[in-house]
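*Asks:* So I've got this file, data_1.txt, and it contains compact mmCIF, C-alpha atoms:
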# COMPACT_ATOMS: atom_id res chain seq x y z
CA MET A 256 92.39 154.41 186.70
CA PRO A 257 90.17 151.46 185.78
CA ARG A 258 91.83 148.48 184.19
CA THR A 259 91.25 148.05 180.44
CA PRO A 260 88.83 145.16 179.91
CA ARG A 261 90.43 142.13 178.30
CA ALA A 262 88.79 139.71 175.89
CA VAL A 263 89.89 136.64 174.05
CA ALA A 264 88.41 136.15 170.58
CA LEU A 265 88.00 132.76 169.00
CA ILE A 266 89.73 133.29 165.67
CA SER A 267 88.94 130.68 163.02
CA GLY A 268 90.52 132.56 160.14
CA GLY A 269 87.15 133.36 158.58
CA LEU A 270 85.50 136.73 158.15
CA ASP A 271 83.02 136.57 161.04
CA SER A 272 85.58 136.05 163.78
CA LEU A 273 87.80 138.73 162.27
CA LEU A 274 84.91 141.22 162.35
CA ALA A 275 83.72 140.20 165.82
CA ALA A 276 87.17 140.84 167.28
CA ARG A 277 87.43 144.16 165.47
CA VAL A 278 84.01 145.35 166.70
CA VAL A 279 85.10 144.76 170.29
CA MET A 280 88.52 146.36 169.74
CA GLU A 281 86.69 149.45 168.46
CA GLN A 282 85.31 149.89 171.97
CA GLY A 283 88.75 150.03 173.57
CA VAL A 284 88.89 146.44 174.79
CA HIS A 285 92.27 144.68 174.80
CA VAL A 286 91.77 141.63 172.58
CA GLU A 287 93.95 138.60 172.01
CA GLY A 288 93.06 135.72 169.72
CA ILE A 289 92.80 132.02 170.39
CA ASN A 290 92.67 129.28 167.81
CA PHE A 291 92.17 125.60 168.55
CA TYR A 292 93.80 122.83 166.54
CA THR A 293 91.70 119.66 166.57
CA GLY A 294 93.59 117.64 163.94
CA PHE A 295 90.58 117.92 161.62
CA CYS A 296 91.21 121.53 160.68
CA VAL A 297 91.37 122.23 156.97
CA GLU A 298 94.75 123.77 156.50
CA GLY A 299 96.13 124.91 153.19
CA HIS A 300 99.29 123.15 154.21
CA THR A 301 97.68 119.76 154.14
CA HIS A 302 97.30 120.35 150.44
CA ALA A 303 100.94 121.39 150.37
CA ILE A 304 101.77 117.72 150.76
CA ARG A 305 100.83 117.42 147.11
CA LYS A 306 103.61 118.71 144.96
CA LYS A 307 101.27 120.13 142.34
CA ASP A 308 99.71 122.37 144.99
CA ARG A 309 102.96 123.75 146.31
CA ALA A 310 102.87 126.79 144.07
CA ARG A 311 99.59 127.90 145.66
CA PRO A 312 99.92 130.73 148.12
CA LYS A 313 99.81 129.33 151.62
CA ARG A 314 98.89 131.01 154.82
CA ASN A 315 97.33 130.13 158.10
CA ASN A 316 94.19 132.23 157.99
CA ALA A 317 93.93 132.53 161.76
CA LEU A 318 97.44 133.98 161.94
CA TRP A 319 96.65 136.18 158.99
CA SER A 320 93.54 137.48 160.78
CA ALA A 321 95.60 138.20 163.88
CA GLU A 322 98.05 140.19 161.79
CA GLN A 323 95.22 142.21 160.24
CA LEU A 324 93.90 142.95 163.70
CA GLY A 325 97.33 143.57 165.22
CA ILE A 326 96.69 141.14 168.06
CA LYS A 327 98.46 138.14 169.53
CA LEU A 328 97.17 134.72 168.56
CA HIS A 329 97.47 131.71 170.85
CA ILE A 330 97.18 128.45 168.94
CA ILE A 331 96.18 125.63 171.25
CA ASP A 332 96.61 121.91 170.59
CA ILE A 333 93.39 120.19 171.70
CA ILE A 334 93.86 117.02 169.64
CA ASP A 335 93.56 114.55 172.51
CA GLU A 336 90.78 116.26 174.42
CA TYR A 337 88.81 116.76 171.23
CA LYS A 338 88.44 113.01 170.72
CA HIS A 339 85.65 112.95 173.26
CA VAL A 340 83.74 115.54 171.21
CA VAL A 341 84.08 113.55 167.99
CA LEU A 342 83.40 110.16 169.52
CA ASN A 343 80.57 111.03 171.91
CA PRO A 344 78.76 114.17 170.79
CA ARG A 345 75.91 114.84 173.19
CA HIS A 346 74.04 116.79 170.56
CA GLY A 347 74.78 114.37 167.72
CA TYR A 348 76.31 114.84 164.30
CA GLY A 349 75.42 117.10 161.41
CA SER A 350 75.02 115.75 157.90
CA ASN A 351 78.40 114.01 158.17
CA LEU A 352 80.54 113.23 161.22
CA ASN A 353 80.60 116.90 162.21
CA PRO A 354 79.64 117.43 165.85
CA CYS A 355 79.29 121.18 165.32
CA LEU A 356 77.28 122.09 168.41
CA ASP A 357 79.40 120.02 170.79
CA CYS A 358 82.50 121.42 169.09
CA LYS A 359 81.41 125.00 169.69
CA ILE A 360 80.50 124.27 173.30
CA PHE A 361 83.87 122.62 173.84
CA MET A 362 85.86 125.46 172.27
CA VAL A 363 84.03 128.10 174.28
CA GLU A 364 84.59 125.98 177.39
CA LYS A 365 88.34 125.85 176.63
CA ALA A 366 88.35 129.59 176.01
CA HIS A 367 86.59 130.08 179.33
CA GLU A 368 89.29 128.06 181.09
CA TRP A 369 91.87 130.19 179.26
CA ILE A 370 90.39 133.53 180.36
CA GLU A 371 90.25 132.34 183.95
CA ALA A 372 93.89 131.21 183.83
CA ASN A 373 95.07 134.41 182.15
CA ASP A 374 92.97 137.01 183.96
CA PHE A 375 90.85 138.02 180.97
CA ASP A 376 87.25 139.16 181.32
CA PHE A 377 85.21 137.73 178.50
CA ILE A 378 85.08 135.69 175.30
CA VAL A 379 84.21 136.88 171.81
CA THR A 380 82.99 134.71 168.96
CA GLY A 381 81.88 135.47 165.42
CA GLU A 382 78.64 133.53 165.72
CA VAL A 383 75.57 134.85 163.93
CA ILE A 384 72.06 133.55 164.60
CA GLY A 385 70.88 131.52 161.64
CA GLN A 386 74.28 131.39 159.94
CA ARG A 387 74.82 127.64 160.37
CA PRO A 388 72.08 125.01 160.49
CA MET A 389 73.43 123.06 163.44
CA SER A 390 75.43 125.28 165.74
CA GLN A 391 74.37 128.84 165.00
CA ARG A 392 70.64 128.88 165.65
CA ARG A 393 68.56 130.97 167.99
CA ASP A 394 67.89 127.96 170.21
CA THR A 395 71.53 126.79 170.33
CA MET A 396 73.06 130.13 171.31
CA PRO A 397 71.96 129.88 174.96
CA VAL A 398 72.92 126.19 175.03
CA ILE A 399 76.51 127.07 174.08
CA ALA A 400 76.67 129.83 176.70
CA ARG A 401 75.23 127.54 179.40
CA ASP A 402 76.99 124.24 178.66
CA SER A 403 80.40 125.84 178.14
CA GLY A 404 80.19 127.48 181.55
CA ALA A 405 80.95 130.88 180.00
CA ALA A 406 77.35 132.11 180.53
CA GLY A 407 77.26 135.94 180.48
CA ARG A 408 80.96 136.17 179.66
CA LEU A 409 80.29 135.00 176.10
CA VAL A 410 79.70 137.86 173.66
CA ARG A 411 78.66 137.54 170.02
CA PRO A 412 79.22 141.08 168.77
CA LEU A 413 77.76 140.46 165.32
CA CYS A 414 74.34 139.43 166.62
CA ALA A 415 74.44 140.69 170.22
CA LYS A 416 71.41 142.91 169.81
CA ASN A 417 69.33 139.82 169.05
CA LEU A 418 70.43 138.17 172.29
CA PRO A 419 70.08 138.95 175.99
CA GLU A 420 72.46 141.45 177.52
CA THR A 421 75.81 140.00 178.56
CA LEU A 422 78.07 140.76 181.50
CA PRO A 423 80.44 143.07 179.54
CA GLU A 424 77.42 145.14 178.49
CA ARG A 425 76.08 145.31 182.05
CA GLU A 426 79.51 146.25 183.36
CA GLY A 427 79.80 149.01 180.77
CA TRP A 428 82.82 147.44 179.08
CA LEU A 429 80.81 147.25 175.87
CA ASP A 430 78.19 149.65 174.55
CA ARG A 431 75.30 147.54 173.27
CA ASP A 432 74.35 150.23 170.77
CA ARG A 433 77.66 149.74 168.99
CA LEU A 434 77.18 145.99 168.65
CA HIS A 435 75.23 144.43 165.77
CA ALA A 436 72.01 142.57 165.01
CA PHE A 437 73.02 140.35 162.09
CA SER A 438 71.00 137.22 161.48
CA GLY A 439 70.47 134.63 158.78
CA ARG A 440 72.66 133.25 156.05
CA SER A 441 73.13 136.45 154.09
CA ARG A 442 76.73 137.61 154.00
CA LYS A 443 75.91 141.14 152.91
CA PRO A 444 76.05 142.73 156.41
CA GLN A 445 79.45 141.12 157.01
CA MET A 446 80.73 142.27 153.63
CA ALA A 447 79.56 145.80 154.36
CA LEU A 448 81.21 145.80 157.79
CA ALA A 449 84.41 144.40 156.30
CA GLY A 450 84.37 147.27 153.84
CA LYS A 451 83.88 149.78 156.64
CA PHE A 452 86.89 148.38 158.46
CA GLY A 453 88.95 148.26 155.28
CA PHE A 454 89.26 144.47 155.15
CA THR A 455 89.39 143.51 151.50
CA ASP A 456 91.35 140.26 151.41
CA TYR A 457 89.75 137.83 153.81
CA ALA A 458 89.26 134.08 153.79
CA GLN A 459 86.27 132.56 152.04
CA PRO A 460 83.27 133.78 154.06
CA ALA A 461 81.55 131.09 156.09
CA GLY A 462 83.73 128.45 154.47
CA GLY A 463 84.04 125.06 156.08
CA CYS A 464 87.09 124.84 158.27
CA CYS A 465 86.80 121.23 159.38
CA PHE A 466 87.31 117.97 157.50
CA LEU A 467 84.48 116.40 159.50
CA THR A 468 81.99 118.38 157.43
CA ASP A 469 83.35 116.68 154.30
CA ARG A 470 81.33 113.67 153.21
CA GLN A 471 84.21 111.74 151.69
CA TYR A 472 86.40 112.30 154.71
CA SER A 473 83.61 111.17 157.04
CA VAL A 474 83.14 107.99 154.99
CA LYS A 475 86.84 107.20 155.47
CA LEU A 476 86.68 107.89 159.19
CA ALA A 477 83.59 105.70 159.63
CA ASP A 478 85.35 102.97 157.66
CA LEU A 479 88.37 103.25 159.97
CA TRP A 480 86.20 102.73 163.04
CA GLN A 481 84.28 99.87 161.49
CA SER A 482 87.39 98.03 160.33
CA ARG A 483 89.01 98.29 163.76
CA GLY A 484 85.85 97.38 165.61
CA ARG A 485 86.13 100.42 167.85
CA ARG A 486 85.52 104.13 167.64
CA ASP A 487 88.89 105.69 168.33
CA TYR A 488 91.76 107.35 166.48
CA GLU A 489 95.24 108.75 166.81
CA LEU A 490 96.48 111.90 165.11
CA ASP A 491 98.34 109.90 162.45
CA ASP A 492 95.11 108.09 161.58
CA ILE A 493 93.20 111.26 160.87
CA ILE A 494 96.12 112.88 159.04
CA LEU A 495 96.47 109.84 156.80
CA LEU A 496 92.77 110.06 155.92
CA LYS A 497 93.63 113.37 154.25
CA VAL A 498 96.38 111.86 152.11
CA GLY A 499 96.32 109.52 149.11
CA ARG A 500 93.79 107.24 147.51
CA HIS A 501 92.19 104.80 149.97
CA LEU A 502 91.01 101.35 148.89
CA ARG A 503 89.65 98.57 151.06
CA PRO A 504 89.67 95.29 149.11
CA ARG A 505 89.10 93.15 152.21
CA PRO A 506 87.50 93.97 155.57
CA GLY A 507 90.81 93.41 157.32
CA PHE A 508 93.11 95.68 155.40
CA LYS A 509 93.25 98.90 153.46
CA LEU A 510 95.69 100.43 150.97
CA ILE A 511 96.75 104.06 151.11
CA VAL A 512 98.15 104.88 147.68
CA GLY A 513 100.24 107.99 147.13
CA ARG A 514 98.78 109.93 144.21
CA GLU A 515 101.88 111.84 143.26
CA GLU A 516 105.43 112.64 144.30
CA GLY A 517 104.54 114.94 147.18
CA GLU A 518 102.21 112.39 148.74
CA ASN A 519 104.70 109.57 148.20
CA LYS A 520 107.31 111.61 150.00
CA PHE A 521 104.95 112.31 152.87
CA LEU A 522 103.96 108.64 153.15
CA GLU A 523 107.67 107.72 153.27
CA GLY A 524 107.64 108.97 156.83
CA TYR A 525 105.24 106.16 157.77
CA ARG A 526 107.19 103.27 156.23
CA LYS A 527 108.45 102.03 159.58
CA HIS A 528 104.91 101.80 160.92
CA PHE A 529 103.18 100.00 158.04
CA VAL A 530 103.76 97.12 155.70
CA HIS A 531 104.44 99.04 152.52
CA MET A 532 105.28 98.52 148.89
CA PHE A 533 106.29 100.31 145.72
CA PRO A 534 107.10 99.27 142.16
CA VAL A 535 110.79 98.99 141.27
CA SER A 536 110.50 98.08 137.60
CA HIS A 537 108.38 101.13 136.84
CA THR A 538 107.69 104.52 138.34
CA GLY A 539 104.79 104.35 140.75
CA PRO A 540 103.29 105.07 144.13
CA LEU A 541 104.34 104.28 147.63
CA VAL A 542 101.54 102.23 149.17
CA LEU A 543 100.89 101.69 152.87
CA LEU A 544 98.92 98.63 153.95
CA ASP A 545 96.84 99.25 157.04
CA GLY A 546 95.48 96.23 158.89
CA GLU A 547 95.98 92.48 158.99
CA LEU A 548 96.97 90.77 155.77
CA GLY A 549 95.49 87.36 155.03
CA GLU A 550 96.56 84.77 152.53
CA GLY A 551 96.88 86.23 149.06
CA ASP A 552 96.44 89.79 150.30
CA LEU A 553 100.07 90.78 149.77
CA GLU A 554 99.87 89.72 146.13
CA LEU A 555 96.55 91.50 145.68
CA ALA A 556 98.07 94.65 147.16
CA ALA A 557 101.07 94.32 144.85
CA ARG A 558 98.77 93.97 141.83
CA LEU A 559 96.90 97.09 142.90
CA THR A 560 100.19 98.91 143.42
CA ALA A 561 101.19 97.89 139.90
CA ARG A 562 97.84 99.14 138.65
CA PHE A 563 98.58 102.64 139.90
CA SER A 564 102.13 102.60 138.46
CA LYS A 565 103.44 103.55 135.03
CA GLY A 566 103.53 99.82 134.35
CA ARG A 567 99.75 99.46 134.52
CA ASP A 568 99.66 98.10 130.93
CA ALA A 569 102.84 96.01 131.21
CA ALA A 570 102.77 92.21 131.29
CA SER A 571 104.54 92.21 134.64
CA VAL A 572 105.61 94.73 137.27
CA THR A 573 108.14 94.07 140.02
CA VAL A 574 106.98 95.39 143.38
CA GLN A 575 109.15 95.64 146.48
CA ALA A 576 107.36 94.97 149.76
CA GLY A 577 108.72 95.72 153.20
CA ASP A 578 107.38 94.52 156.53
CA LEU A 579 107.53 96.04 160.00
CA ASP A 580 110.75 94.16 160.83
CA GLY A 581 112.58 95.60 157.85
CA ASN A 582 112.37 92.41 155.78
CA VAL A 583 112.07 92.99 152.04
CA GLN A 584 110.69 90.79 149.29
CA MET A 585 110.17 91.18 145.58
CA LEU A 586 106.92 90.25 143.88
CA ASP A 587 106.51 89.99 140.11
CA VAL A 588 102.83 90.60 139.45
CA VAL A 589 100.37 91.25 136.66
CA PRO A 590 98.79 94.67 137.20
CA LEU A 591 95.13 94.53 138.11
CA GLN A 592 92.96 95.98 135.36
CA GLY A 593 90.59 98.83 136.04
CA GLN A 594 87.49 96.72 135.46
CA ASP A 595 88.72 94.21 138.05
CA ILE A 596 88.69 96.80 140.83
CA PRO A 597 85.18 96.99 142.30
CA VAL A 598 84.00 100.55 142.78
CA ASP A 599 83.17 99.87 146.41
CA TRP A 600 86.84 99.24 147.19
CA TYR A 601 87.38 103.00 146.85
CA LEU A 602 86.65 104.88 150.05
CA MET B 191 124.68 127.87 168.24
CA SER B 192 121.15 128.17 169.53
CA ASP B 193 119.83 128.03 173.06
CA MET B 194 117.29 125.42 172.03
CA VAL B 195 116.68 123.19 169.02
CA LEU B 196 113.15 122.04 168.21
CA ASP B 197 112.60 119.10 165.89
CA ALA B 198 109.25 119.69 164.16
CA ARG B 199 109.98 117.54 161.13
CA ARG B 200 107.09 115.45 159.79
CA LEU B 201 104.61 117.69 161.58
CA LEU B 202 102.08 119.52 159.46
CA CYS B 203 101.09 123.10 160.16
CA PRO B 204 99.93 124.38 162.51
CA LEU B 205 101.70 121.86 164.77
CA PRO B 206 105.20 123.26 164.07
CA VAL B 207 103.84 126.68 165.05
CA ILE B 208 102.29 125.29 168.24
CA ARG B 209 105.53 123.52 169.17
CA THR B 210 107.46 126.73 168.43
CA GLN B 211 105.05 128.69 170.64
CA ASP B 212 105.55 126.16 173.47
CA ALA B 213 109.34 126.25 173.08
CA VAL B 214 109.53 130.03 173.04
CA GLN B 215 107.62 130.14 176.33
CA GLN B 216 110.52 128.28 177.92
CA LEU B 217 113.10 130.80 176.72
CA GLN B 218 114.15 134.19 177.99
CA GLN B 219 114.41 137.40 176.03
CA GLY B 220 117.59 137.39 173.92
CA GLN B 221 117.79 133.60 173.64
CA THR B 222 117.50 131.84 170.31
CA LEU B 223 115.55 128.88 169.01
CA ARG B 224 116.34 126.78 165.95
CA VAL B 225 113.33 124.97 164.50
CA LEU B 226 113.79 122.04 162.10
CA CYS B 227 110.75 121.49 159.88
CA SER B 228 109.60 119.66 156.78
CA ASP B 229 106.20 121.25 156.02
CA PRO B 230 106.77 124.09 153.54
CA GLY B 231 103.93 126.00 155.20
CA VAL B 232 106.24 126.93 158.08
CA VAL B 233 108.03 129.43 155.86
CA HIS B 234 104.89 131.56 156.10
CA ASP B 235 103.39 130.55 159.41
CA ILE B 236 106.30 130.68 161.83
CA PRO B 237 107.35 134.18 160.69
CA ALA B 238 103.68 135.25 160.93
CA TRP B 239 103.46 133.88 164.46
CA CYS B 240 106.72 135.66 165.34
CA ARG B 241 105.41 138.95 163.96
CA VAL B 242 102.20 138.89 166.01
CA HIS B 243 104.12 137.99 169.17
CA GLY B 244 107.04 140.36 168.62
CA HIS B 245 109.84 137.83 168.07
CA GLU B 246 112.44 138.11 165.32
CA VAL B 247 113.18 135.58 162.60
CA LEU B 248 116.95 135.69 162.16
CA SER B 249 117.14 133.34 159.19
CA ILE B 250 115.25 130.77 157.15
CA GLN B 251 117.25 128.09 155.37
CA GLU B 252 115.27 126.05 152.87
CA GLY B 253 116.81 122.76 151.79
CA GLU B 254 115.41 119.99 149.62
CA ASP B 255 113.85 118.08 152.51
CA GLU B 256 114.28 120.34 155.49
CA ILE B 257 113.65 123.92 156.49
CA VAL B 258 115.53 125.49 159.37
CA ILE B 259 114.16 128.64 161.02
CA HIS B 260 116.25 130.58 163.53
CA ILE B 261 114.30 132.76 165.96
CA LEU B 262 115.41 135.42 168.42
CA VAL B 263 113.10 135.66 171.43
CA CYS B 264 112.37 139.35 171.84
CA ASN B 265 109.37 139.66 174.05
CA PRO B 266 108.48 136.49 175.91
CA ASP B 267 104.80 136.13 176.85
Can I see the file as structure tokens?

*Replies:*
Amino acid sequence: MPRTPRAVALISGGLDSLLAARVVMEQGVHVEGINFYTGFCVEGHTHAIRKKDRARPKRNNALWSAEQLGIKLHIIDIIDEYKHVVLNPRHGYGSNLNPCLDCKIFMVEKAHEWIEANDFDFIVTGEVIGQRPMSQRRDTMPVIARDSGAAGRLVRPLCAKNLPETLPEREGWLDRDRLHAFSGRSRKPQMALAGKFGFTDYAQPAGGCCFLTDRQYSVKLADLWQSRGRRDYELDDIILLKVGRHLRPRPGFKLIVGREEGENKFLEGYRKHFVHMFPVSHTGPLVLLDGELGEGDLELAARLTARFSKGRDAASVTVQAGDLDGNVQMLDVVPLQGQDIPVDWYL
Amino acid sequence: MSDMVLDARRLLCPLPVIRTQDAVQQLQQGQTLRVLCSDPGVVHDIPAWCRVHGHEVLSIQEGEDEIVIHILVCNPD
């Protein structure tokens, strides 16, 4: 008896990957899911740091998709390897610091390594020609297949009929007639297919799943590289860019200001790694100071901290500052007034 | 008592899930794993991961600052 063909589907948590996996499962293929964590992924749980957002329903959409499909999902940490993609994208960035084409090539390459290591036969993605301006175009589809090394083992079931025949079709593992010919930005064909399969509650179709597509986030990341004089990052750096209000009053240092209780609590975990401060005479934020402080900078930071406290209109606010050696000092400062904070300090 | 304790505190999802996945791969069927977490998202995600992989969540204890999830390994990959 012939062995059941086995495919791994890249599951982002969005509708297209959910449908692509389902289309292949319909043809009797054993499918398991794979989801890559880059550190830049937009997770509902990042918002869960903020206390006001905690009441929102939370779920990992990739896991949710796997449950809908009844398949296993392997979540792979690619944080370190992914740096190369972000820092040196061969195909450049999109409108922000999003290296979408290199990202797709890299993920398919990792999936290809995975199928070889786990004795699977091919890879499934939810790509649709014309769906995304950078990575899902007619001319980029063959580039992804070629540069990832997956070649004919990469199947895009939603637009397969618009593409050359793949190995699983030639081998008879997939019937080309039962694949699809979607193209363009319209979501109607996907919605219709979702309805046919009985999927009613799916994640925002074609929604961004990566912070690098966010303009404000990209500004903060570019600022981080510029201030350090090198293009590099650690996971904590890119997580902290998602949290708090960021102000850079001097080229050498930046403040990360907790915006509410949940963020303050999260930032607490970084106190040992940053000079930090918080008001003690009034309720207010925990503030991390990132960089090298020059003369007068500690006082400036304390005045900014006071500005974002409940004592913003008080004559004086007492701020406690702690350094990396555990030394503590108290500063009595006049809160900076709103008009004294240049707009370009805000990142 | 658990066969393994995983400290995933201060990690944001999906990292606690990934660490859980890695830890479970080191265990045998019938062994148990206790995961210490701080991201409230784990209350949804780790049980979801267990469901799709066939493991059983024995208990979830939610404290003020810490969540403890106890898992029985049922069907190691």

*Asks:* For chain B, list the residues within 6 Å of chain A, counting only C-alpha atoms, and write the list as an mmCIF file with C-alpha atoms, in the frame of the given file.

*Replies:*
data_model
loop_
_atom_site.group_PDB
_atom_site.id
_atom_site.type_symbol
_atom_site.label_atom_id
_atom_site.label_comp_id
_atom_site.auth_asym_id
_atom_site.auth_seq_id
_atom_site.Cartn_x
_atom_site.Cartn_y
_atom_site.Cartn_z
ATOM 1 C CA GLY B 231 103.930 126.000 155.200
ATOM 2 C CA VAL B 242 102.200 138.890 166.010
ATOM 3 C CA HIS B 243 104.120 137.990 169.170
#

*Asks:* Stretch 398-407 of chain A: which residues within 8 Å, counting all atoms listed in the file, same-chain residues fewer than 3 positions away excluded, as a count of residues only?

*Replies:* 15

*Asks:* Figure out the distance between atom CA of A:Glu371 and atom CA of A:Phe437, please, to one decimal in Å.

*Replies:*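 We find that atom CA of A:Phe437 and atom CA of A:Glu371 lie 29.0 Å from each other.
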
*Asks:* If we count only C-alpha atoms and set the cut-off at 7 Å, which residues sit around B:Leu223, ignoring sequence neighbours fewer than 3 positions away in its own chain? Please answer as a PyMOL selection string.

*Replies:* chain B and resi 192-195+260-262

*Asks:* Around (104.2, 119.2, 163.6), as given in the file, which residues come within 12 Å? Count all atoms listed in the file and list them as an mmCIF file with C-alpha atoms, in the coordinates of the input.

*Replies:*
data_model
loop_
_atom_site.group_PDB
_atom_site.id
_atom_site.type_symbol
_atom_site.label_atom_id
_atom_site.label_comp_id
_atom_site.auth_asym_id
_atom_site.auth_seq_id
_atom_site.Cartn_x
_atom_site.Cartn_y
_atom_site.Cartn_z
ATOM 1 C CA TYR A 292 93.800 122.830 166.540
ATOM 2 C CA GLY A 294 93.590 117.640 163.940
ATOM 3 C CA HIS A 300 99.290 123.150 154.210
ATOM 4 C CA THR A 301 97.680 119.760 154.140
ATOM 5 C CA ASP A 332 96.610 121.910 170.590
ATOM 6 C CA LEU A 490 96.480 111.900 165.110
ATOM 7 C CA ASP A 491 98.340 109.900 162.450
ATOM 8 C CA ILE A 494 96.120 112.880 159.040
ATOM 9 C CA LEU B 196 113.150 122.040 168.210
ATOM 10 C CA ASP B 197 112.600 119.100 165.890
ATOM 11 C CA ALA B 198 109.250 119.690 164.160
ATOM 12 C CA ARG B 199 109.980 117.540 161.130
ATOM 13 C CA ARG B 200 107.090 115.450 159.790
ATOM 14 C CA LEU B 201 104.610 117.690 161.580
ATOM 15 C CA LEU B 202 102.080 119.520 159.460
ATOM 16 C CA CYS B 203 101.090 123.100 160.160
ATOM 17 C CA PRO B 204 99.930 124.380 162.510
ATOM 18 C CA LEU B 205 101.700 121.860 164.770
ATOM 19 C CA PRO B 206 105.200 123.260 164.070
ATOM 20 C CA VAL B 207 103.840 126.680 165.050
ATOM 21 C CA ILE B 208 102.290 125.290 168.240
ATOM 22 C CA ARG B 209 105.530 123.520 169.170
ATOM 23 C CA THR B 210 107.460 126.730 168.430
ATOM 24 C CA GLN B 211 105.050 128.690 170.640
ATOM 25 C CA VAL B 225 113.330 124.970 164.500
ATOM 26 C CA LEU B 226 113.790 122.040 162.100
ATOM 27 C CA CYS B 227 110.750 121.490 159.880
ATOM 28 C CA SER B 228 109.600 119.660 156.780
ATOM 29 C CA ASP B 229 106.200 121.250 156.020
ATOM 30 C CA PRO B 230 106.770 124.090 153.540
ATOM 31 C CA GLY B 231 103.930 126.000 155.200
ATOM 32 C CA VAL B 232 106.240 126.930 158.080
ATOM 33 C CA ILE B 236 106.300 130.680 161.830
#

*Asks:* Quick one: residues within 6 Å of stretch 566-583 of chain A, all atoms listed in the file counted, chain neighbours fewer than 5 positions away excluded, as a list in words?

*Replies:*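 With the cut-off at 6 Å, the set is Val530, His531, Met532, Phe533, Pro534, Val535, Ser536, His537, Ala561, Val588, Val589 and Pro590 of chain A.
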
*Asks:* What is the distance, in Å and to one decimal place, between atom CA of A:Thr468 and atom CA of A:Val263?

*Replies:*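 Rounded to one decimal, the two atoms are 25.9 Å apart.
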
*Asks:* Work out how far apart atom CA of A:Gly349 and atom CA of A:Ser441 are and give it in Å to one decimal.

*Replies:*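 Interatomic distance, atom CA of A:Gly349 to atom CA of A:Ser441: 20.8 Å.
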
*Asks:* Considering all atoms listed in the file, state which residue in the set A:Leu409, A:Val383, A:His285, A:Arg503 is at the smallest distance from A:Gln445.

*Replies:* A:Val383
